[in-house]
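Okay, so here's the structure we're looking at.
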Amino acid sequence: MTYETTRRTVLLATGATGAVALVAACGGGGDDNGSASTSSPTGQETAGQETAGRDLASTDEIPVGGGKIFKEEEVVVTQPEQGRFKAFSAICTHQRCTVASVSDGTINCVCHGSKFRIADGSVAHGPATRPLPAEQITVEGNSVRLA
């Protein structure tokens, strides 16, 4: 028995192949629960875990009423009041852009204009609706370090 290749057979086969490729490309292989991965594609720990316990800055590098962003560590350290230091994720909760500046009492994301208060990471101006997650730091003498 011989089969004749028809235009319909070719179109169906091509469409099915394209659909399989599309589904494979869109699949992330993760659990899709919205949690961030703690390892890189090479299986190494993320930057925040690799730098835990490491000095970030001296206390005099963090301005009172302002802060400093550490892009590699994905953390922002603020000093809302003299001698009181806080740390937050430097990743905006709106669409995961890295925040760009700290000024006038807020941590600012330039991607869509979200602003977060330096004292507690709460939203001062949307579109973000969730605060920046707190990060753990320790201040020993003149040194600010990741906990």
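Quick note on naming: the chains in the structure tokens go A, B, ... in the order shown, residues restart at 1 in each chain, and ligands are numbered from 1 in order of appearance.
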Practice problem: Would you mind listing what lies within 10 Å of segment 67-78 of chain A as a ChimeraX atom specification, with only C-alpha atoms counted and same-chain residues fewer than 4 positions away left out? | Solution: /A:46-52,56-57,59,61-63,84-91,98-103,105-107,117-121,132-137,144-146
Exercise. List the neighbours of Thr93 of chain A out to 12 Å using only C-alpha atoms; skip same-chain residues closer than 3 positions along the sequence, and give me the result as a PyMOL selection string.
Key: chain A and resi 34+88-90+96-99+108-109+111-116+121-123+126-133
